[in-house]
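Printed here is work11.cif (mmCIF, C-alpha atoms, pLDDT in the B column; chains and numbers go by the auth columns):
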data_coords
#
loop_
_atom_site.group_PDB
_atom_site.id
_atom_site.type_symbol
_atom_site.label_atom_id
_atom_site.label_comp_id
_atom_site.label_asym_id
_atom_site.label_seq_id
_atom_site.Cartn_x
_atom_site.Cartn_y
_atom_site.Cartn_z
_atom_site.B_iso_or_equiv
_atom_site.auth_seq_id
_atom_site.auth_asym_id
ATOM 1 C CA MET A 1 -124.542 -17.656 -67.883 44.00 348 F
ATOM 2 C CA LYS A 2 -122.130 -15.421 -69.749 51.00 349 F
ATOM 3 C CA PRO A 3 -118.436 -15.548 -68.646 44.00 350 F
ATOM 4 C CA PHE A 4 -118.489 -11.898 -67.504 42.00 351 F
ATOM 5 C CA ALA A 5 -121.618 -12.485 -65.439 48.00 352 F
ATOM 6 C CA CYS A 6 -120.015 -15.580 -63.842 43.00 353 F
ATOM 7 C CA LEU A 7 -116.960 -13.562 -62.912 39.00 354 F
ATOM 8 C CA VAL A 8 -118.990 -10.673 -61.507 43.00 355 F
ATOM 9 C CA LEU A 9 -121.312 -12.977 -59.561 52.00 356 F
ATOM 10 C CA ALA A 10 -118.416 -14.975 -58.107 46.00 357 F
ATOM 11 C CA ALA A 11 -116.514 -11.834 -57.103 42.00 358 F
ATOM 12 C CA LEU A 12 -119.569 -10.224 -55.552 48.00 359 F
ATOM 13 C CA LEU A 13 -120.559 -13.333 -53.637 49.00 360 F
ATOM 14 C CA LEU A 14 -117.042 -13.761 -52.265 46.00 361 F
ATOM 15 C CA ALA A 15 -117.157 -10.181 -51.017 47.00 362 F
ATOM 16 C CA SER A 16 -120.670 -10.438 -49.611 49.00 363 F
ATOM 17 C CA PRO A 17 -121.425 -10.034 -45.911 47.00 364 F
ATOM 18 C CA ALA A 18 -123.105 -13.443 -45.919 50.00 365 F
ATOM 19 C CA ALA A 19 -119.931 -15.083 -47.263 48.00 366 F
ATOM 20 C CA LYS A 20 -117.698 -13.157 -44.841 47.00 367 F
ATOM 21 C CA ALA A 21 -119.885 -14.154 -41.917 48.00 368 F
ATOM 22 C CA GLN A 22 -119.396 -17.832 -42.648 47.00 369 F
ATOM 23 C CA GLY A 23 -117.002 -19.424 -40.237 48.00 370 F
ATOM 24 C CA PRO A 24 -114.486 -22.143 -41.073 50.00 371 F
ATOM 25 C CA SER A 25 -116.954 -24.891 -40.144 52.00 372 F
ATOM 26 C CA GLU A 26 -119.741 -23.461 -42.303 59.00 373 F
ATOM 27 C CA ARG A 27 -120.078 -24.349 -45.945 67.00 374 F
ATOM 28 C CA LYS A 28 -119.696 -21.386 -48.278 86.00 375 F
ATOM 29 C CA ILE A 29 -122.757 -20.369 -50.233 88.00 376 F
ATOM 30 C CA THR A 30 -122.347 -20.715 -53.983 92.00 377 F
ATOM 31 C CA CYS A 31 -125.109 -19.412 -56.223 94.00 378 F
ATOM 32 C CA ASP A 32 -124.426 -21.131 -59.531 91.00 379 F
ATOM 33 C CA ARG A 33 -127.832 -22.506 -60.509 92.00 380 F
ATOM 34 C CA GLY A 34 -129.142 -20.295 -63.218 92.00 381 F
ATOM 35 C CA PRO A 35 -130.124 -17.905 -64.240 94.00 382 F
ATOM 36 C CA VAL A 36 -133.403 -19.753 -63.816 93.00 383 F
ATOM 37 C CA ALA A 37 -135.602 -16.721 -64.410 93.00 384 F
ATOM 38 C CA ASN A 38 -135.546 -13.082 -65.343 95.00 385 F
ATOM 39 C CA LYS A 39 -137.706 -10.884 -63.112 97.00 386 F
ATOM 40 C CA THR A 40 -138.419 -7.176 -62.971 97.00 387 F
ATOM 41 C CA TYR A 41 -137.759 -5.334 -59.717 98.00 388 F
ATOM 42 C CA GLY A 42 -137.746 -1.561 -59.500 96.00 389 F
ATOM 43 C CA GLY A 43 -138.571 -1.373 -63.196 97.00 390 F
ATOM 44 C CA THR A 44 -135.342 -3.123 -64.299 97.00 391 F
ATOM 45 C CA ALA A 45 -134.375 -6.687 -65.225 97.00 392 F
ATOM 46 C CA TRP A 46 -132.756 -9.034 -62.701 98.00 393 F
ATOM 47 C CA ASP A 47 -131.579 -12.643 -63.104 97.00 394 F
ATOM 48 C CA ILE A 48 -132.425 -15.225 -60.426 97.00 395 F
ATOM 49 C CA TYR A 49 -129.847 -17.803 -59.291 96.00 396 F
ATOM 50 C CA GLY A 50 -130.186 -20.678 -56.847 95.00 397 F
ATOM 51 C CA CYS A 51 -127.618 -21.407 -54.170 95.00 398 F
ATOM 52 C CA ASN A 52 -126.067 -24.636 -52.929 93.00 399 F
ATOM 53 C CA ASP A 53 -127.646 -24.383 -49.479 93.00 400 F
ATOM 54 C CA ASN A 54 -131.065 -24.872 -51.156 93.00 401 F
ATOM 55 C CA ARG A 55 -132.454 -21.981 -49.083 94.00 402 F
ATOM 56 C CA SER A 56 -130.802 -18.859 -50.522 96.00 403 F
ATOM 57 C CA VAL A 57 -131.469 -16.925 -53.729 97.00 404 F
ATOM 58 C CA ALA A 58 -129.256 -14.444 -55.568 97.00 405 F
ATOM 59 C CA VAL A 59 -130.880 -11.635 -57.564 98.00 406 F
ATOM 60 C CA VAL A 60 -128.285 -10.312 -60.016 97.00 407 F
ATOM 61 C CA THR A 61 -128.405 -7.401 -62.458 97.00 408 F
ATOM 62 C CA ALA A 62 -129.326 -8.732 -65.896 97.00 409 F
ATOM 63 C CA ARG A 63 -127.609 -7.691 -69.099 95.00 410 F
ATOM 64 C CA GLY A 64 -128.533 -4.115 -69.943 94.00 411 F
ATOM 65 C CA ASN A 65 -129.603 -3.254 -66.394 96.00 412 F
ATOM 66 C CA PRO A 66 -128.129 0.195 -65.576 94.00 413 F
ATOM 67 C CA GLY A 67 -127.735 -0.966 -61.969 94.00 414 F
ATOM 68 C CA MET A 68 -124.915 -3.333 -63.026 95.00 415 F
ATOM 69 C CA PRO A 69 -122.840 -4.558 -61.316 97.00 416 F
ATOM 70 C CA PHE A 70 -124.996 -5.347 -58.312 97.00 417 F
ATOM 71 C CA TYR A 71 -126.573 -8.333 -56.614 97.00 418 F
ATOM 72 C CA PHE A 72 -128.977 -9.008 -53.784 98.00 419 F
ATOM 73 C CA LEU A 73 -128.920 -12.148 -51.684 97.00 420 F
ATOM 74 C CA PHE A 74 -131.810 -13.612 -49.721 97.00 421 F
ATOM 75 C CA THR A 75 -130.438 -15.879 -46.985 96.00 422 F
ATOM 76 C CA GLU A 76 -132.554 -17.887 -44.574 91.00 423 F
ATOM 77 C CA ARG A 77 -131.736 -18.227 -40.894 88.00 424 F
ATOM 78 C CA ASN A 78 -134.023 -19.647 -38.264 89.00 425 F
ATOM 79 C CA GLY A 79 -136.998 -19.590 -40.614 87.00 426 F
ATOM 80 C CA ALA A 80 -136.689 -15.914 -41.609 93.00 427 F
ATOM 81 C CA TYR A 81 -135.153 -14.401 -44.743 96.00 428 F
ATOM 82 C CA ARG A 82 -132.586 -11.621 -44.641 96.00 429 F
ATOM 83 C CA LEU A 83 -131.896 -9.427 -47.672 97.00 430 F
ATOM 84 C CA SER A 84 -128.424 -8.056 -48.323 96.00 431 F
ATOM 85 C CA GLY A 85 -126.947 -6.439 -51.394 96.00 432 F
ATOM 86 C CA GLU A 86 -123.657 -5.278 -52.760 96.00 433 F
ATOM 87 C CA GLY A 87 -122.196 -3.697 -55.852 96.00 434 F
ATOM 88 C CA THR A 88 -121.271 -0.466 -57.545 95.00 435 F
ATOM 89 C CA GLY A 89 -124.302 0.011 -59.760 94.00 436 F
ATOM 90 C CA LYS A 90 -126.334 3.204 -59.862 95.00 437 F
ATOM 91 C CA PRO A 91 -127.898 3.666 -56.408 95.00 438 F
ATOM 92 C CA GLU A 92 -131.115 5.141 -57.806 95.00 439 F
ATOM 93 C CA ILE A 93 -131.651 1.894 -59.756 95.00 440 F
ATOM 94 C CA THR A 94 -130.668 -0.545 -57.023 97.00 441 F
ATOM 95 C CA ARG A 95 -132.710 1.326 -54.387 97.00 442 F
ATOM 96 C CA LYS A 96 -135.894 0.866 -56.432 97.00 443 F
ATOM 97 C CA ALA A 97 -135.171 -2.852 -56.785 97.00 444 F
ATOM 98 C CA TYR A 98 -134.395 -3.095 -53.065 98.00 445 F
ATOM 99 C CA ASP A 99 -137.712 -1.474 -52.251 98.00 446 F
ATOM 100 C CA ASP A 100 -139.553 -4.044 -54.409 98.00 447 F
ATOM 101 C CA LEU A 101 -137.570 -6.965 -52.981 98.00 448 F
ATOM 102 C CA THR A 102 -138.295 -5.957 -49.382 97.00 449 F
ATOM 103 C CA ARG A 103 -142.014 -6.202 -50.213 97.00 450 F
ATOM 104 C CA LEU A 104 -141.718 -9.900 -51.114 97.00 451 F
ATOM 105 C CA SER A 105 -143.382 -12.207 -48.618 96.00 452 F
ATOM 106 C CA GLN A 106 -141.777 -15.310 -47.127 95.00 453 F
ATOM 107 C CA GLN A 107 -143.950 -17.315 -49.534 96.00 454 F
ATOM 108 C CA ASP A 108 -142.721 -15.258 -52.521 96.00 455 F
ATOM 109 C CA ILE A 109 -139.091 -15.902 -51.580 97.00 456 F
ATOM 110 C CA GLN A 110 -139.738 -19.593 -50.965 95.00 457 F
ATOM 111 C CA ALA A 111 -141.349 -19.809 -54.424 95.00 458 F
ATOM 112 C CA LEU A 112 -138.162 -18.328 -55.935 95.00 459 F
ATOM 113 C CA VAL A 113 -136.072 -20.879 -54.014 95.00 460 F
ATOM 114 C CA LYS A 114 -138.281 -23.706 -55.273 94.00 461 F
ATOM 115 C CA GLU A 115 -137.961 -22.430 -58.845 93.00 462 F
ATOM 116 C CA THR A 116 -134.156 -22.426 -58.579 93.00 463 F
ATOM 117 C CA GLN A 117 -134.048 -25.967 -57.230 88.00 464 F
ATOM 118 C CA LYS A 118 -135.251 -27.263 -60.593 83.00 465 F
ATOM 119 C CA ALA A 119 -131.989 -26.127 -62.221 74.00 466 F
ATOM 120 C CA ALA A 120 -128.741 -28.047 -62.043 69.00 467 F
ATOM 121 C CA PRO A 121 -125.514 -26.298 -60.986 66.00 468 F
ATOM 122 C CA ARG A 122 -123.261 -25.228 -63.823 63.00 469 F
ATOM 123 C CA PRO A 123 -120.642 -27.888 -64.656 62.00 470 F
ATOM 124 C CA GLY A 124 -117.240 -27.151 -63.182 57.00 471 F
ATOM 125 C CA GLN A 125 -118.619 -24.826 -60.530 47.00 472 F
#

Before anything else, please render the file you have as structure tokens.
Amino acid sequence: MKPFACLVLAALLLASPAAKAQGPSERKITCDRGPVANKTYGGTAWDIYGCNDNRSVAVVTARGNPGMPFYFLFTERNGAYRLSGEGTGKPEITRKAYDDLTRLSQQDIQALVKETQKAAPRPGQ
């Protein structure tokens, strides 16, 4: 991952609702495995990152994506996935990606999670 992308991803994840909702006894989610794939959502490129809880997936604007900076996070609770997103990218771009992401089935999301589990976390993360 490029240094700028690392910085953006870390800053966005720290500011995310999922991270804020974590209490002191909960482990913070870190999504540092990847990018493991580049996918197209809403007609633009997005990088896929795995998270340390082995259940969550971050979908981050890829280089050249006019929606940058923005990320989406699929988090799993009680067997169901929740999609959240945050950033300052162009809303018309991120909305199209959001629409595509909300159409993913539980099986689609689980396949992304499985794909990310093949990658090792970045050293020093």

Note to self: Which residues, named as in the file, does the PyMOL selection byres ((chain F and resi 458-464) around 10) pick out? Answer as a ChimeraX atom specification.
What the structure shows: /F:378-384,395-399,401-405,421,452-457,465-468

Find the axis-aligned box for segment 380-385 of chain F, covering all its listed atoms and adding 5 Å on each side, and write its centre and edge lengths in Å to one decimal as AutoDock Vina command-line options.
--center_x -131.7 --center_y -17.8 --center_z -62.9 --size_x 17.8 --size_y 19.4 --size_z 14.8

Notebook entry, point to check: Taking the file as shown, what set of residues would the PyMOL selection byres ((chain F and resi 411-420) around 10) give back, as a PyMOL selection string?
Noted result: chain F and resi 352+355-356+359-360+363-365+378+390-396+398+403-410+421-423+428-442+444-445+448

Next item on the list: Identify which of the residues F:Ala427, F:Leu451, F:Asp400, F:Asp446 lies closest to Ile376 of chain F, counting only C-alpha atoms when measuring atom-to-atom distances.
Entry: F:Asp400

N, CA and C atoms restored at segment 371-404 of chain F, emitted as a PDB file, in the coordinates of the input:
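The result, written out as selection.pdb:
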ATOM      1  N   PRO F 371    -115.204 -21.049 -40.428  1.00 50.00           N
ATOM      2  CA  PRO F 371    -114.486 -22.143 -41.073  1.00 50.00           C
ATOM      3  C   PRO F 371    -115.269 -23.446 -41.111  1.00 50.00           C
ATOM      4  N   SER F 372    -116.191 -23.644 -40.162  1.00 52.00           N
ATOM      5  CA  SER F 372    -116.954 -24.891 -40.144  1.00 52.00           C
ATOM      6  C   SER F 372    -118.208 -24.813 -41.007  1.00 52.00           C
ATOM      7  N   GLU F 373    -118.556 -23.613 -41.468  1.00 59.00           N
ATOM      8  CA  GLU F 373    -119.741 -23.461 -42.303  1.00 59.00           C
ATOM      9  C   GLU F 373    -119.379 -23.584 -43.773  1.00 59.00           C
ATOM     10  N   ARG F 374    -120.268 -24.213 -44.509  1.00 67.00           N
ATOM     11  CA  ARG F 374    -120.078 -24.349 -45.945  1.00 67.00           C
ATOM     12  C   ARG F 374    -120.340 -23.016 -46.620  1.00 67.00           C
ATOM     13  N   LYS F 375    -119.502 -22.646 -47.562  1.00 86.00           N
ATOM     14  CA  LYS F 375    -119.696 -21.386 -48.278  1.00 86.00           C
ATOM     15  C   LYS F 375    -120.882 -21.505 -49.227  1.00 86.00           C
ATOM     16  N   ILE F 376    -121.616 -20.412 -49.324  1.00 88.00           N
ATOM     17  CA  ILE F 376    -122.757 -20.369 -50.233  1.00 88.00           C
ATOM     18  C   ILE F 376    -122.246 -20.075 -51.639  1.00 88.00           C
ATOM     19  N   THR F 377    -122.652 -20.918 -52.572  1.00 92.00           N
ATOM     20  CA  THR F 377    -122.347 -20.715 -53.983  1.00 92.00           C
ATOM     21  C   THR F 377    -123.676 -20.647 -54.722  1.00 92.00           C
ATOM     22  N   CYS F 378    -123.845 -19.609 -55.500  1.00 94.00           N
ATOM     23  CA  CYS F 378    -125.109 -19.412 -56.223  1.00 94.00           C
ATOM     24  C   CYS F 378    -124.854 -19.572 -57.717  1.00 94.00           C
ATOM     25  N   ASP F 379    -124.807 -20.833 -58.149  1.00 91.00           N
ATOM     26  CA  ASP F 379    -124.426 -21.131 -59.531  1.00 91.00           C
ATOM     27  C   ASP F 379    -125.524 -21.836 -60.322  1.00 91.00           C
ATOM     28  N   ARG F 380    -126.718 -21.903 -59.779  1.00 92.00           N
ATOM     29  CA  ARG F 380    -127.832 -22.506 -60.509  1.00 92.00           C
ATOM     30  C   ARG F 380    -128.622 -21.409 -61.204  1.00 92.00           C
ATOM     31  N   GLY F 381    -128.381 -21.296 -62.492  1.00 92.00           N
ATOM     32  CA  GLY F 381    -129.142 -20.295 -63.218  1.00 92.00           C
ATOM     33  C   GLY F 381    -128.320 -19.532 -64.223  1.00 92.00           C
ATOM     34  N   PRO F 382    -128.889 -18.480 -64.742  1.00 94.00           N
ATOM     35  CA  PRO F 382    -130.124 -17.905 -64.240  1.00 94.00           C
ATOM     36  C   PRO F 382    -131.331 -18.775 -64.579  1.00 94.00           C
ATOM     37  N   VAL F 383    -132.211 -18.929 -63.615  1.00 93.00           N
ATOM     38  CA  VAL F 383    -133.403 -19.753 -63.816  1.00 93.00           C
ATOM     39  C   VAL F 383    -134.593 -18.916 -64.244  1.00 93.00           C
ATOM     40  N   ALA F 384    -134.500 -17.611 -64.037  1.00 93.00           N
ATOM     41  CA  ALA F 384    -135.602 -16.721 -64.410  1.00 93.00           C
ATOM     42  C   ALA F 384    -135.070 -15.304 -64.536  1.00 93.00           C
ATOM     43  N   ASN F 385    -135.832 -14.509 -65.249  1.00 95.00           N
ATOM     44  CA  ASN F 385    -135.546 -13.082 -65.343  1.00 95.00           C
ATOM     45  C   ASN F 385    -136.784 -12.375 -64.807  1.00 95.00           C
ATOM     46  N   LYS F 386    -136.592 -11.578 -63.764  1.00 97.00           N
ATOM     47  CA  LYS F 386    -137.706 -10.884 -63.112  1.00 97.00           C
ATOM     48  C   LYS F 386    -137.471  -9.379 -63.179  1.00 97.00           C
ATOM     49  N   THR F 387    -138.519  -8.632 -62.998  1.00 97.00           N
ATOM     50  CA  THR F 387    -138.419  -7.176 -62.971  1.00 97.00           C
ATOM     51  C   THR F 387    -138.650  -6.687 -61.553  1.00 97.00           C
ATOM     52  N   TYR F 388    -137.669  -5.975 -61.025  1.00 98.00           N
ATOM     53  CA  TYR F 388    -137.759  -5.334 -59.717  1.00 98.00           C
ATOM     54  C   TYR F 388    -137.316  -3.891 -59.885  1.00 98.00           C
ATOM     55  N   GLY F 389    -138.084  -2.972 -59.370  1.00 96.00           N
ATOM     56  CA  GLY F 389    -137.746  -1.561 -59.500  1.00 96.00           C
ATOM     57  C   GLY F 389    -137.750  -1.072 -60.930  1.00 96.00           C
ATOM     58  N   GLY F 390    -138.472  -1.775 -61.796  1.00 97.00           N
ATOM     59  CA  GLY F 390    -138.571  -1.373 -63.196  1.00 97.00           C
ATOM     60  C   GLY F 390    -137.409  -1.815 -64.062  1.00 97.00           C
ATOM     61  N   THR F 391    -136.488  -2.633 -63.518  1.00 97.00           N
ATOM     62  CA  THR F 391    -135.342  -3.123 -64.299  1.00 97.00           C
ATOM     63  C   THR F 391    -135.238  -4.637 -64.198  1.00 97.00           C
ATOM     64  N   ALA F 392    -134.485  -5.225 -65.121  1.00 97.00           N
ATOM     65  CA  ALA F 392    -134.375  -6.687 -65.225  1.00 97.00           C
ATOM     66  C   ALA F 392    -133.303  -7.244 -64.279  1.00 97.00           C
ATOM     67  N   TRP F 393    -133.654  -8.354 -63.634  1.00 98.00           N
ATOM     68  CA  TRP F 393    -132.756  -9.034 -62.701  1.00 98.00           C
ATOM     69  C   TRP F 393    -132.819 -10.530 -62.963  1.00 98.00           C
ATOM     70  N   ASP F 394    -131.659 -11.194 -62.929  1.00 97.00           N
ATOM     71  CA  ASP F 394    -131.579 -12.643 -63.104  1.00 97.00           C
ATOM     72  C   ASP F 394    -131.594 -13.324 -61.736  1.00 97.00           C
ATOM     73  N   ILE F 395    -132.259 -14.476 -61.671  1.00 97.00           N
ATOM     74  CA  ILE F 395    -132.425 -15.225 -60.426  1.00 97.00           C
ATOM     75  C   ILE F 395    -131.547 -16.472 -60.469  1.00 97.00           C
ATOM     76  N   TYR F 396    -130.753 -16.661 -59.411  1.00 96.00           N
ATOM     77  CA  TYR F 396    -129.847 -17.803 -59.291  1.00 96.00           C
ATOM     78  C   TYR F 396    -130.124 -18.541 -57.985  1.00 96.00           C
ATOM     79  N   GLY F 397    -130.055 -19.862 -58.042  1.00 95.00           N
ATOM     80  CA  GLY F 397    -130.186 -20.678 -56.847  1.00 95.00           C
ATOM     81  C   GLY F 397    -128.834 -20.935 -56.218  1.00 95.00           C
ATOM     82  N   CYS F 398    -128.855 -21.212 -54.927  1.00 95.00           N
ATOM     83  CA  CYS F 398    -127.618 -21.407 -54.170  1.00 95.00           C
ATOM     84  C   CYS F 398    -127.535 -22.831 -53.629  1.00 95.00           C
ATOM     85  N   ASN F 399    -126.303 -23.250 -53.318  1.00 93.00           N
ATOM     86  CA  ASN F 399    -126.067 -24.636 -52.929  1.00 93.00           C
ATOM     87  C   ASN F 399    -126.602 -25.004 -51.552  1.00 93.00           C
ATOM     88  N   ASP F 400    -127.046 -24.033 -50.763  1.00 93.00           N
ATOM     89  CA  ASP F 400    -127.646 -24.383 -49.479  1.00 93.00           C
ATOM     90  C   ASP F 400    -129.133 -24.731 -49.620  1.00 93.00           C
ATOM     91  N   ASN F 401    -129.659 -24.582 -50.845  1.00 93.00           N
ATOM     92  CA  ASN F 401    -131.065 -24.872 -51.156  1.00 93.00           C
ATOM     93  C   ASN F 401    -132.051 -24.027 -50.354  1.00 93.00           C
ATOM     94  N   ARG F 402    -131.585 -22.893 -49.831  1.00 94.00           N
ATOM     95  CA  ARG F 402    -132.454 -21.981 -49.083  1.00 94.00           C
ATOM     96  C   ARG F 402    -132.255 -20.535 -49.500  1.00 94.00           C
ATOM     97  N   SER F 403    -131.134 -20.235 -50.161  1.00 96.00           N
ATOM     98  CA  SER F 403    -130.802 -18.859 -50.522  1.00 96.00           C
ATOM     99  C   SER F 403    -131.040 -18.617 -52.008  1.00 96.00           C
ATOM    100  N   VAL F 404    -131.234 -17.328 -52.344  1.00 97.00           N
ATOM    101  CA  VAL F 404    -131.469 -16.925 -53.729  1.00 97.00           C
ATOM    102  C   VAL F 404    -130.679 -15.653 -53.998  1.00 97.00           C
TER     103      VAL F 404
END
